[in-house]
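Below: protein-v7.csv (CSV, C-alpha atoms)
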chain,number,residue,atom,x,y,z
A,204,MET,CA,-134.5,32.7,-199.0
A,205,LYS,CA,-132.8,30.8,-196.2
A,206,PHE,CA,-133.7,31.7,-192.6
A,207,THR,CA,-129.9,31.9,-191.8
A,208,SER,CA,-129.6,34.8,-194.2
A,209,LEU,CA,-132.3,36.9,-192.4
A,210,PRO,CA,-129.9,38.4,-189.8
A,211,ILE,CA,-127.8,40.1,-192.5
A,212,LEU,CA,-130.8,41.2,-194.5
A,213,ASN,CA,-132.4,42.7,-191.4
A,214,ILE,CA,-129.2,44.6,-190.6
A,215,LEU,CA,-128.9,46.0,-194.1
A,216,GLY,CA,-132.7,46.7,-194.3
A,217,LYS,CA,-132.7,48.7,-191.1
A,218,LYS,CA,-129.6,50.9,-191.5
A,219,GLY,CA,-130.6,53.5,-188.9
A,220,ARG,CA,-131.3,51.0,-186.2
A,221,SER,CA,-128.2,48.9,-187.0
A,222,SER,CA,-126.0,52.0,-187.2
A,223,ALA,CA,-127.0,53.2,-183.8
A,224,LEU,CA,-126.2,49.8,-182.3
A,225,PHE,CA,-122.9,49.7,-184.2
A,226,VAL,CA,-121.9,53.1,-182.8
A,227,PHE,CA,-122.6,52.0,-179.2
A,228,ALA,CA,-120.6,48.8,-179.7
A,229,LEU,CA,-117.8,50.8,-181.2
A,230,ILE,CA,-117.7,53.2,-178.2
A,231,LEU,CA,-117.9,50.3,-175.8
A,232,SER,CA,-114.9,48.4,-177.4
A,233,PHE,CA,-112.9,51.6,-177.9
A,234,SER,CA,-113.2,52.5,-174.2
A,235,ILE,CA,-112.5,48.9,-173.0
A,236,PHE,CA,-109.6,48.2,-175.3
A,237,GLY,CA,-108.1,51.7,-175.3
A,238,GLY,CA,-108.2,52.0,-171.5
A,239,ALA,CA,-106.7,48.5,-171.0
A,240,LEU,CA,-104.0,49.2,-173.6
A,241,ILE,CA,-102.9,52.4,-171.9
A,242,LEU,CA,-103.0,50.9,-168.4
A,243,LEU,CA,-101.0,47.8,-169.5
A,244,SER,CA,-98.4,50.0,-171.3
A,245,LEU,CA,-98.0,52.2,-168.1
A,246,ARG,CA,-97.5,49.1,-166.0
A,247,ASN,CA,-95.0,47.7,-168.5
A,248,GLY,CA,-93.1,51.0,-168.4
A,249,LEU,CA,-92.8,50.9,-164.6
A,250,LYS,CA,-91.6,47.3,-164.7
A,251,SER,CA,-89.1,48.1,-167.4
A,252,LEU,CA,-87.8,51.1,-165.4
A,253,GLU,CA,-87.4,49.0,-162.2
A,254,SER,CA,-85.5,46.3,-164.1
A,255,ARG,CA,-83.2,48.8,-165.9
A,256,LEU,CA,-82.2,50.5,-162.7
A,257,GLY,CA,-80.7,47.3,-161.4
A,258,ALA,CA,-79.1,49.1,-158.4
A,259,ASP,CA,-80.4,49.5,-154.9
A,260,ILE,CA,-78.8,52.9,-154.4
A,261,ILE,CA,-77.6,55.6,-156.8
A,262,VAL,CA,-74.9,58.0,-155.4
A,263,VAL,CA,-74.4,61.4,-157.1
A,264,PRO,CA,-72.9,64.8,-156.2
A,265,TYR,CA,-75.1,66.6,-153.7
A,266,GLU,CA,-75.3,69.7,-155.9
A,267,ALA,CA,-76.8,67.7,-158.7
A,268,ARG,CA,-80.1,67.5,-156.9
A,269,THR,CA,-80.0,63.8,-157.4
A,270,LYS,CA,-83.6,62.8,-157.3
A,271,VAL,CA,-84.8,65.4,-159.9
A,272,SER,CA,-81.8,64.7,-162.2
A,273,ALA,CA,-82.1,60.9,-162.1
A,274,ASP,CA,-85.9,61.0,-162.6
A,275,THR,CA,-85.7,63.3,-165.6
A,276,ILE,CA,-83.0,61.2,-167.3
A,277,LEU,CA,-84.6,57.9,-166.7
A,278,ASN,CA,-88.2,58.9,-167.2
A,279,GLN,CA,-88.2,61.9,-169.6
A,280,GLY,CA,-84.7,61.6,-171.3
A,281,ASN,CA,-83.7,65.1,-170.2
A,282,ARG,CA,-80.0,65.9,-171.0
A,283,THR,CA,-77.7,66.8,-168.1
A,284,TYR,CA,-74.2,66.3,-166.6
A,285,PHE,CA,-72.6,66.6,-163.2
A,286,TYR,CA,-69.3,65.2,-161.7
A,287,MET,CA,-67.6,64.2,-158.5
A,288,SER,CA,-64.2,62.6,-157.7
A,289,ARG,CA,-63.7,59.0,-158.7
A,290,ALA,CA,-62.1,58.5,-155.2
A,291,ASN,CA,-65.7,58.3,-153.9
A,292,LEU,CA,-66.0,55.0,-155.6
A,293,GLU,CA,-63.5,53.4,-153.2
A,294,LYS,CA,-65.1,55.1,-150.2
A,295,VAL,CA,-68.5,53.6,-151.0
A,296,ALA,CA,-67.1,50.2,-151.8
A,297,SER,CA,-65.4,50.0,-148.4
A,298,ILE,CA,-68.7,50.4,-146.5
A,299,GLU,CA,-69.8,47.1,-144.9
A,300,GLY,CA,-72.9,45.8,-146.6
A,301,VAL,CA,-72.1,47.1,-150.1
A,302,GLU,CA,-71.7,44.1,-152.4
A,303,LYS,CA,-71.1,45.9,-155.8
A,304,VAL,CA,-70.3,49.4,-157.0
A,305,SER,CA,-70.0,50.6,-160.6
A,306,PRO,CA,-69.4,54.2,-161.9
A,307,GLN,CA,-71.3,56.0,-164.7
A,308,VAL,CA,-70.3,59.2,-166.5
A,309,TYR,CA,-72.9,61.6,-168.0
A,310,MET,CA,-72.4,63.9,-170.9
A,311,CYS,CA,-74.8,65.5,-173.3
A,312,SER,CA,-74.2,66.2,-177.0
A,313,MET,CA,-74.8,69.7,-178.5
A,314,ASN,CA,-77.7,70.7,-180.7
A,315,ALA,CA,-75.3,72.1,-183.3
A,316,GLY,CA,-73.4,71.2,-186.4
A,317,CYS,CA,-70.7,69.3,-184.5
A,318,CYS,CA,-73.3,66.7,-183.4
A,319,SER,CA,-75.9,64.6,-185.3
A,320,VAL,CA,-78.5,65.3,-182.6
A,321,SER,CA,-78.6,66.5,-179.0
A,322,LEU,CA,-78.8,63.4,-176.7
A,323,GLN,CA,-77.9,62.2,-173.2
A,324,LEU,CA,-74.6,60.3,-173.3
A,325,ILE,CA,-74.0,57.7,-170.6
A,326,GLY,CA,-70.7,55.9,-170.0
A,327,PHE,CA,-70.3,52.7,-168.0
A,328,ASP,CA,-67.4,50.5,-166.9
A,329,PRO,CA,-67.7,47.1,-168.6
A,330,GLU,CA,-65.5,45.5,-165.8
A,331,THR,CA,-67.8,46.4,-163.0
A,332,ASP,CA,-71.2,47.3,-164.5
A,333,PHE,CA,-74.2,45.3,-163.4
A,334,THR,CA,-77.1,47.6,-164.5
A,335,ILE,CA,-76.6,48.4,-168.2
A,336,GLN,CA,-74.9,45.3,-169.6
A,337,PRO,CA,-77.7,42.8,-168.7
A,338,TRP,CA,-80.0,45.0,-170.8
A,339,VAL,CA,-77.3,45.4,-173.5
A,340,ARG,CA,-76.8,41.6,-173.8
A,341,GLU,CA,-80.5,41.3,-175.0
A,342,SER,CA,-79.4,43.1,-178.2
A,343,PHE,CA,-75.6,43.0,-178.4
A,344,SER,CA,-73.3,40.1,-177.5
A,345,GLY,CA,-70.0,41.5,-178.8
A,346,LYS,CA,-67.3,43.6,-177.2
A,347,LEU,CA,-67.5,47.4,-177.5
A,348,GLY,CA,-64.5,49.1,-179.1
A,349,ASP,CA,-63.0,52.4,-178.2
A,350,GLU,CA,-65.1,54.2,-180.8
A,351,ASP,CA,-68.3,52.1,-180.5
A,352,ILE,CA,-71.6,53.3,-179.1
A,353,LEU,CA,-75.0,51.8,-178.3
A,354,ILE,CA,-78.1,53.8,-179.0
A,355,GLY,CA,-81.6,53.7,-177.5
A,356,SER,CA,-84.6,52.5,-179.6
A,357,LYS,CA,-85.8,56.1,-180.2
A,358,VAL,CA,-82.5,57.4,-181.6
A,359,THR,CA,-82.6,57.6,-185.4
A,360,LEU,CA,-79.9,55.6,-187.1
A,361,THR,CA,-78.6,56.4,-190.6
A,362,SER,CA,-77.5,53.8,-193.2
A,363,SER,CA,-73.9,54.6,-192.4
A,364,ARG,CA,-74.4,53.3,-188.8
A,365,LYS,CA,-72.5,56.3,-187.5
A,366,LEU,CA,-73.4,59.2,-185.3
A,367,LYS,CA,-71.4,62.4,-185.1
A,368,PHE,CA,-70.6,63.9,-181.7
A,369,PHE,CA,-68.2,66.9,-181.4
A,370,ASN,CA,-67.0,66.7,-185.0
A,371,HIS,CA,-66.1,63.0,-184.7
A,372,ASP,CA,-67.9,60.0,-186.1
A,373,TRP,CA,-68.7,57.1,-183.7
A,374,ASN,CA,-69.7,53.6,-184.8
A,375,VAL,CA,-73.1,52.4,-183.7
A,376,ALA,CA,-72.6,48.8,-182.6
A,377,ALA,CA,-76.3,48.1,-181.8
A,378,CYS,CA,-79.7,49.6,-181.2
A,379,LEU,CA,-81.1,48.5,-177.8
A,380,ASP,CA,-84.5,47.2,-177.1
A,381,GLU,CA,-87.3,49.6,-176.1
A,382,THR,CA,-87.8,50.3,-172.4
A,383,GLY,CA,-90.5,52.9,-172.5
A,384,THR,CA,-88.3,55.3,-170.5
A,385,GLY,CA,-86.0,58.2,-171.2
A,386,LEU,CA,-83.2,55.7,-171.7
A,387,ASP,CA,-84.6,55.1,-175.2
A,388,ASN,CA,-83.3,58.5,-176.2
A,389,ALA,CA,-79.8,58.0,-174.8
A,390,VAL,CA,-76.5,56.8,-176.1
A,391,PHE,CA,-74.3,54.4,-174.2
A,392,ALA,CA,-70.5,53.8,-174.4
A,393,THR,CA,-67.7,52.6,-172.2
A,394,THR,CA,-66.2,55.2,-169.8
A,395,LYS,CA,-63.0,55.1,-172.0
A,396,THR,CA,-65.1,56.2,-175.0
A,397,ILE,CA,-66.8,58.9,-173.0
A,398,ASN,CA,-63.4,60.3,-172.0
A,399,ARG,CA,-62.5,60.3,-175.7
A,400,MET,CA,-65.7,62.3,-176.4
A,401,MET,CA,-64.7,64.8,-173.7
A,402,GLU,CA,-61.4,65.2,-175.5
A,403,GLU,CA,-63.1,65.9,-178.8
A,404,ALA,CA,-65.5,68.3,-177.1
A,405,ASP,CA,-62.6,70.1,-175.5
A,406,LYS,CA,-61.1,70.7,-178.9
A,407,ILE,CA,-64.1,72.7,-180.0
A,408,GLY,CA,-64.3,74.7,-176.8
A,409,TRP,CA,-67.0,72.7,-175.1
A,410,ASN,CA,-65.7,71.9,-171.6
A,411,PHE,CA,-67.6,69.5,-169.4
A,412,THR,CA,-64.9,69.3,-166.8
A,413,ASP,CA,-61.2,70.1,-166.5
A,414,GLN,CA,-59.7,67.8,-169.2
A,415,LYS,CA,-56.7,67.3,-166.9
A,416,TYR,CA,-58.9,65.4,-164.4
A,417,SER,CA,-61.6,64.0,-166.8
A,418,ASP,CA,-60.5,60.4,-166.2
A,419,LYS,CA,-60.7,60.9,-162.4
A,420,MET,CA,-64.3,62.2,-162.5
A,421,ILE,CA,-67.5,60.2,-162.5
A,422,SER,CA,-71.2,61.2,-162.4
A,423,THR,CA,-72.9,58.5,-160.4
A,424,ILE,CA,-72.1,55.4,-158.4
A,425,MET,CA,-74.5,52.5,-158.8
A,426,VAL,CA,-74.6,50.4,-155.6
A,427,LYS,CA,-75.8,46.9,-155.0
A,428,VAL,CA,-76.5,46.1,-151.3
A,429,ALA,CA,-75.6,42.6,-150.1
A,430,ASP,CA,-78.3,40.3,-148.9
A,431,GLY,CA,-79.2,40.7,-145.2
A,432,TYR,CA,-78.4,44.4,-145.1
A,433,ASP,CA,-80.9,47.2,-144.8
A,434,ILE,CA,-80.9,49.5,-147.8
A,435,ASP,CA,-81.9,52.5,-145.7
A,436,ASN,CA,-79.1,51.9,-143.3
A,437,ILE,CA,-76.5,51.6,-146.0
A,438,ALA,CA,-77.8,54.8,-147.7
A,439,GLY,CA,-77.4,56.6,-144.4
A,440,LYS,CA,-73.8,55.3,-144.0
A,441,ILE,CA,-72.9,56.5,-147.5
A,442,GLN,CA,-74.3,59.9,-146.7
A,443,ARG,CA,-72.2,60.2,-143.5
A,444,LYS,CA,-69.0,58.7,-144.9
A,445,VAL,CA,-68.9,60.2,-148.4
A,446,ARG,CA,-69.2,64.0,-148.1
A,447,LYS,CA,-71.0,66.2,-150.6
A,448,THR,CA,-73.0,63.3,-152.1
A,449,GLN,CA,-76.5,62.2,-152.1
A,450,ALA,CA,-77.5,58.5,-151.8
A,451,VAL,CA,-80.9,57.9,-153.4
A,452,LYS,CA,-82.7,54.6,-153.0
A,453,THR,CA,-84.0,53.5,-156.4
A,454,LYS,CA,-87.2,52.3,-154.7
A,455,SER,CA,-87.9,55.9,-153.6
A,456,MET,CA,-87.5,57.0,-157.2
A,457,THR,CA,-89.9,54.5,-158.5
A,458,SER,CA,-92.4,54.8,-155.7
A,459,GLY,CA,-93.2,58.4,-156.8
A,460,ILE,CA,-93.7,57.1,-160.4
A,461,ALA,CA,-95.8,54.2,-159.1
A,462,SER,CA,-97.9,56.6,-157.1
A,463,SER,CA,-98.6,58.8,-160.1
A,464,LEU,CA,-99.3,55.7,-162.2
A,465,SER,CA,-101.8,54.5,-159.6
A,466,GLY,CA,-103.6,57.8,-159.7
A,467,VAL,CA,-103.7,57.9,-163.5
A,468,SER,CA,-104.8,54.2,-163.6
A,469,LYS,CA,-107.7,54.9,-161.3
A,470,ILE,CA,-108.9,57.8,-163.4
A,471,ILE,CA,-108.6,55.7,-166.7
A,472,ALA,CA,-110.3,52.7,-165.0
A,473,ALA,CA,-113.1,54.9,-163.6
A,474,LEU,CA,-113.7,56.6,-167.0
A,475,THR,CA,-113.7,53.2,-168.8
A,476,ALA,CA,-116.2,51.7,-166.2
A,477,VAL,CA,-118.5,54.7,-166.6
A,478,VAL,CA,-118.5,54.6,-170.4
A,479,TRP,CA,-119.0,50.8,-170.3
A,480,LEU,CA,-122.0,51.0,-168.0
A,481,LEU,CA,-123.6,53.8,-169.9
A,482,CYS,CA,-123.2,51.9,-173.2
A,483,LEU,CA,-124.5,48.7,-171.7
A,484,VAL,CA,-127.6,50.5,-170.2
A,485,ILE,CA,-128.3,52.3,-173.5
A,486,LEU,CA,-127.9,49.0,-175.4
A,487,ILE,CA,-130.5,47.4,-173.1
A,488,VAL,CA,-132.9,50.3,-173.4
A,489,VAL,CA,-132.6,50.5,-177.2
A,490,SER,CA,-132.9,46.7,-177.5
A,491,THR,CA,-136.1,46.8,-175.4
A,492,LEU,CA,-137.6,49.6,-177.4
A,493,ILE,CA,-136.9,47.7,-180.6
A,494,ILE,CA,-139.3,44.9,-179.4
A,495,GLY,CA,-142.3,47.1,-180.0
A,496,GLU,CA,-141.1,48.0,-183.5
A,497,ARG,CA,-140.5,44.3,-184.5
A,498,LYS,CA,-143.5,42.6,-182.9
A,499,LYS,CA,-145.4,42.1,-186.2
A,500,GLU,CA,-142.2,41.0,-187.9
A,501,PHE,CA,-141.7,38.3,-185.3
A,502,ALA,CA,-145.4,37.3,-185.5
A,503,VAL,CA,-145.3,36.9,-189.3
A,504,LEU,CA,-142.2,34.7,-188.9
A,505,ARG,CA,-144.0,32.6,-186.3
A,506,VAL,CA,-147.0,32.1,-188.6
A,507,MET,CA,-144.6,31.1,-191.4
A,508,GLY,CA,-143.3,28.3,-189.1
A,509,ALA,CA,-140.4,29.8,-187.3
A,510,SER,CA,-140.1,28.6,-183.7
A,511,GLN,CA,-139.4,30.7,-180.7
A,512,LYS,CA,-135.9,29.2,-180.7
A,513,LYS,CA,-135.3,30.3,-184.3
A,514,LEU,CA,-136.5,33.9,-183.5
A,515,SER,CA,-134.2,34.0,-180.5
A,516,PHE,CA,-131.4,32.8,-182.8
A,517,LEU,CA,-132.3,35.6,-185.3
A,518,VAL,CA,-132.1,38.3,-182.5
A,519,MET,CA,-128.8,36.9,-181.1
A,520,ALA,CA,-127.2,36.5,-184.6
A,521,GLU,CA,-128.0,40.1,-185.5
A,522,SER,CA,-126.5,41.2,-182.2
A,523,VAL,CA,-123.3,39.2,-182.7
A,524,LEU,CA,-122.8,40.6,-186.2
A,525,VAL,CA,-123.5,44.2,-185.3
A,526,ASN,CA,-121.4,44.1,-182.0
A,527,ALA,CA,-118.6,42.2,-183.6
A,528,SER,CA,-118.2,44.7,-186.4
A,529,GLY,CA,-118.6,47.6,-184.0
A,530,GLY,CA,-116.2,46.0,-181.6
A,531,LEU,CA,-113.5,45.5,-184.3
A,532,SER,CA,-114.0,49.1,-185.5
A,533,GLY,CA,-113.6,50.4,-181.9
A,534,ILE,CA,-110.4,48.4,-181.4
A,535,ALA,CA,-109.0,49.6,-184.7
A,536,LEU,CA,-109.8,53.2,-183.8
A,537,ALA,CA,-108.1,52.8,-180.4
A,538,LEU,CA,-105.0,51.4,-182.1
A,539,LEU,CA,-105.0,54.3,-184.5
A,540,CYS,CA,-105.2,56.7,-181.5
A,541,VAL,CA,-102.5,55.0,-179.3
A,542,LEU,CA,-99.9,53.4,-181.6
A,543,PRO,CA,-98.8,56.4,-183.6
A,544,PHE,CA,-99.0,58.8,-180.6
A,545,HIS,CA,-97.6,56.6,-177.8
A,546,THR,CA,-94.6,58.8,-177.5
A,547,LEU,CA,-96.8,61.9,-177.1
A,548,ILE,CA,-99.0,60.0,-174.5
A,549,LYS,CA,-95.8,59.3,-172.5
A,550,MET,CA,-94.8,62.9,-172.6
A,551,VAL,CA,-98.2,64.2,-171.6
A,552,LEU,CA,-98.5,61.7,-168.7
A,553,GLY,CA,-94.9,62.1,-167.7
A,554,LEU,CA,-94.7,58.4,-166.9
A,555,PRO,CA,-92.8,55.4,-168.4
A,556,PHE,CA,-94.9,53.9,-171.3
A,557,LEU,CA,-94.1,50.6,-173.0
A,558,LEU,CA,-96.5,49.0,-175.4
A,559,PRO,CA,-97.3,45.3,-174.8
A,560,SER,CA,-95.8,42.6,-177.0
A,561,PRO,CA,-97.7,41.6,-180.2
A,562,ALA,CA,-98.8,38.3,-178.4
A,563,MET,CA,-100.2,40.2,-175.4
A,564,GLY,CA,-101.8,42.8,-177.7
A,565,ALA,CA,-103.6,40.0,-179.6
A,566,VAL,CA,-104.9,38.6,-176.3
A,567,LEU,CA,-106.1,42.1,-175.4
A,568,VAL,CA,-107.9,42.4,-178.7
A,569,LEU,CA,-109.7,39.1,-178.3
A,570,LEU,CA,-110.8,39.8,-174.8
A,571,SER,CA,-112.0,43.3,-175.7
A,572,LEU,CA,-113.9,41.9,-178.7
A,573,MET,CA,-115.4,39.1,-176.5
A,574,ILE,CA,-116.6,41.6,-173.9
A,575,SER,CA,-118.2,43.8,-176.6
A,576,VAL,CA,-120.0,40.9,-178.2
A,577,LEU,CA,-121.1,39.5,-174.8
A,578,CYS,CA,-122.5,42.9,-173.7
A,579,GLY,CA,-124.5,43.1,-176.9
A,580,CYS,CA,-125.8,39.6,-176.5
A,581,PHE,CA,-126.7,40.3,-172.9
A,582,ALA,CA,-128.7,43.4,-174.0
A,583,SER,CA,-130.4,41.4,-176.8
A,584,SER,CA,-131.3,38.6,-174.4
A,585,PHE,CA,-134.0,40.9,-173.1
A,586,VAL,CA,-135.6,40.9,-176.6
A,587,ALA,CA,-135.2,37.1,-176.9
A,588,GLY,CA,-136.8,36.6,-173.5
A,589,LYS,CA,-139.8,38.9,-174.4
A,590,ILE,CA,-140.4,37.0,-177.6
A,591,ALA,CA,-140.5,33.7,-175.9
A,592,LYS,CA,-143.3,34.9,-173.6
A,593,VAL,CA,-145.7,36.2,-176.3
A,594,ASP,CA,-147.6,34.0,-178.8
A,595,ALA,CA,-148.0,34.9,-182.5
A,596,GLY,CA,-151.7,35.7,-182.2
A,597,THR,CA,-151.2,38.2,-179.5
A,598,MET,CA,-148.3,39.8,-181.4
A,599,LEU,CA,-150.4,40.2,-184.5
A,600,ARG,CA,-153.3,41.9,-182.6
A,601,VAL,CA,-151.0,44.4,-180.8
A,602,GLU,CA,-150.8,47.7,-182.7
A,603,ASN,CA,-147.4,49.2,-183.3

Whole structure, structure tokens version:
Amino acid sequence: MKFTSLPILNILGKKGRSSALFVFALILSFSIFGGALILLSLRNGLKSLESRLGADIIVVPYEARTKVSADTILNQGNRTYFYMSRANLEKVASIEGVEKVSPQVYMCSMNAGCCSVSLQLIGFDPETDFTIQPWVRESFSGKLGDEDILIGSKVTLTSSRKLKFFNHDWNVAACLDETGTGLDNAVFATTKTINRMMEEADKIGWNFTDQKYSDKMISTIMVKVADGYDIDNIAGKIQRKVRKTQAVKTKSMTSGIASSLSGVSKIIAALTAVVWLLCLVILIVVSTLIIGERKKEFAVLRVMGASQKKLSFLVMAESVLVNASGGLSGIALALLCVLPFHTLIKMVLGLPFLLPSPAMGAVLVLLSLMISVLCGCFASSFVAGKIAKVDAGTMLRVEN
């Protein structure tokens, strides 16, 4: 029997002891990897939301209760619609300090036989849009036709590549990349196509607005403030010049989300730290107690010619094997808990949630596994240190 095979034989021979250490390593890696994965996904979601907003200010009808409506559409995907006169677009554009303006039109499909599914419908103007099209170009480089639509990543697409809204089939031109926000459950089209949808909705008695004025109505105005101008000041000017509207700074929308994210992050980080410290302390205590149980085993090995260096290698090798297997199991368990239920986690937390890329995920796995193994080795180093201080004769005379 080779000395190098002893670590595996010891692990298999002492199943109770090995299982206990395995469980602690599993809990340790589960808490570290699971906590880090959720925190990273929340931060990715916030970054994605900020990049998708694109505008400095969003102007909507005052009665729409802008902040609530915008938050629920962007963050939770709630379906809503509200309208104001298109004439407000020119009023906002004429204000000094406003660099760009672009309208959007909101509709929502019905949860009935006339529609494939109930979704938020968002129309944008390809000629002036500067918020949606940069995101669209990541997945679609063509030109949208009058009956073409774009769908969010969470919208189910059939093999026919068509969705029915108001008893009319619309062509799905592309499925957009995931954002981790409510926009993943939305449908996008040009304002011309949205007006066509309003016509189809009117035919079946579903009136969003007076069809006579539908092409003169918009839901929001996305505003880009020119460099050198104060966003707060421009928002105030819009409020005063454009009556019955609300100018909401996008930074104020995301600041509330960022504040909630910070609170959740602190709780998750605190829980992870507590679990990590408890597991580390328990590993050290258990490893220290194991010394007494294994004194004669180490003494026999010393008498047989094993050096203190080899005994230390034996202890550390066992630790690496047990903690690596426990670490991998904990990471796998965390993935099973997060990946299939990430949409539910997003709904429960009420925050944007975007999983990291596979490359970033792989880095996170390696770091979590490394921390788990290093913690186990740190705990086992106490055993190795004790072994180095006691000679074989003393160990053989000590009673277990």

For segment 310-348 of chain A against segment 397-409 of chain A, with a cut-off of 12 Å and counting only C-alpha atoms, what is the closest atom pair and its distance in Å to one decimal for every residue that makes the cut, ordered by chain and number, as a tab-separated table?
residue	atom	partner	partner_atom	distance
A:Met310	CA	A:Ile397	CA	7.8
A:Cys311	CA	A:Met400	CA	10.1
A:Ser312	CA	A:Ala404	CA	9.0
A:Met313	CA	A:Trp409	CA	9.0
A:Ala315	CA	A:Trp409	CA	11.7
A:Gly316	CA	A:Ile407	CA	11.4
A:Cys317	CA	A:Ile407	CA	8.7
A:Cys318	CA	A:Ala404	CA	10.2
A:Gln323	CA	A:Ile397	CA	11.6
A:Leu324	CA	A:Ile397	CA	7.9
A:Ile325	CA	A:Ile397	CA	7.7
A:Gly326	CA	A:Ile397	CA	5.8
A:Phe327	CA	A:Ile397	CA	8.7
A:Asp328	CA	A:Ile397	CA	10.4
A:Gly348	CA	A:Ile397	CA	11.8

Would you mind exporting C-alpha atoms of the selected residues as a compact mmCIF listing (two decimals), in the frame of the given file?
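File out12.txt, as written:
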# COMPACT_ATOMS: atom_id res chain seq x y z
CA MET A 310 -72.40 63.90 -170.90
CA CYS A 311 -74.80 65.50 -173.30
CA SER A 312 -74.20 66.20 -177.00
CA MET A 313 -74.80 69.70 -178.50
CA ALA A 315 -75.30 72.10 -183.30
CA GLY A 316 -73.40 71.20 -186.40
CA CYS A 317 -70.70 69.30 -184.50
CA CYS A 318 -73.30 66.70 -183.40
CA GLN A 323 -77.90 62.20 -173.20
CA LEU A 324 -74.60 60.30 -173.30
CA ILE A 325 -74.00 57.70 -170.60
CA GLY A 326 -70.70 55.90 -170.00
CA PHE A 327 -70.30 52.70 -168.00
CA ASP A 328 -67.40 50.50 -166.90
CA GLY A 348 -64.50 49.10 -179.10

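What separates atom CA of Tyr309 of chain A from atom CA of Glu381 of chain A is a distance of 20.4 Å.
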
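Relative to atom CA of Ser342 of chain A, atom CA of Asp380 of chain A is found at 6.6 Å.
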
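Each of A:Ile298, A:Leu554, A:Val541, A:Ile487 was checked against Gly248 of chain A using all atoms listed in the file; the smallest atom-to-atom distance is that of A:Leu554.
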
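Distance check against Ile241 of chain A using all atoms listed in the file: of A:Lys512, A:Lys549, A:Arg364, A:His371, the minimum falls on A:Lys549.
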
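Across A:Val451, A:Leu386, A:Ile471, A:Cys482, the tightest approach to Lys357 of chain A is made by A:Leu386 when counting all atoms listed in the file.
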
Determine the nearest neighbour of Thr448 of chain A from the options A:Ile424, A:Val304, A:Ala377, A:Leu360, counting all atoms listed in the file. A:Ile424

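The shortest atom-to-atom distance to Ala429 of chain A, with all atoms listed in the file taken into account, belongs to A:Val301 out of A:Val301, A:Val263, A:Ile230, A:Leu547.
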
Could you give me, as a list in words, the residues that have an atom at most 7 Å away from the point (-77.2, 50.6, -150.4) in the coordinates of the file, using all atoms listed in the file? Asp259, Ile260, Val301, Val426, Lys427, Val428, Ile434, Asp435, Ile437 and Ala438 of chain A

Hey, which of A:Gly355, A:Gly564, A:Gly431, A:Gly466 ends up closest to Leu240 of chain A? Count all atoms listed in the file. A:Gly564

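Atom CA of Val467 of chain A is positioned 21.7 Å from atom CA of Leu536 of chain A.
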
Who sits within 12 Å of Lys440 of chain A, all atoms listed in the file, same chain under 6 positions skipped, as a ChimeraX atom specification: /A:260,262,294-301,432-434,446,448-450

Give as a ChimeraX atom specification the set of residues within 10 Å of the point (-83.5, 64.7, -177.1), where distances use the file's coordinates and only C-alpha atoms. /A:279-282,311-312,314,320-323,357-358,385,387-389

Counting all atoms listed in the file, what is within 10 Å of Trp338 of chain A, bar same-chain residues fewer than 4 positions away, as a list in words? Ser254, Arg255, Gly257, Phe333, Thr334, Ser342, Phe343, Leu379, Asp380 and Thr382 of chain A

Selection file, C-alpha atoms, as an mmCIF file, keeping the file's coordinate frame:
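Output file selection.cif is given in full below:
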data_model
loop_
_atom_site.group_PDB
_atom_site.id
_atom_site.type_symbol
_atom_site.label_atom_id
_atom_site.label_comp_id
_atom_site.auth_asym_id
_atom_site.auth_seq_id
_atom_site.Cartn_x
_atom_site.Cartn_y
_atom_site.Cartn_z
ATOM 1 C CA SER A 254 -85.500 46.300 -164.100
ATOM 2 C CA ARG A 255 -83.200 48.800 -165.900
ATOM 3 C CA GLY A 257 -80.700 47.300 -161.400
ATOM 4 C CA PHE A 333 -74.200 45.300 -163.400
ATOM 5 C CA THR A 334 -77.100 47.600 -164.500
ATOM 6 C CA SER A 342 -79.400 43.100 -178.200
ATOM 7 C CA PHE A 343 -75.600 43.000 -178.400
ATOM 8 C CA LEU A 379 -81.100 48.500 -177.800
ATOM 9 C CA ASP A 380 -84.500 47.200 -177.100
ATOM 10 C CA THR A 382 -87.800 50.300 -172.400
#
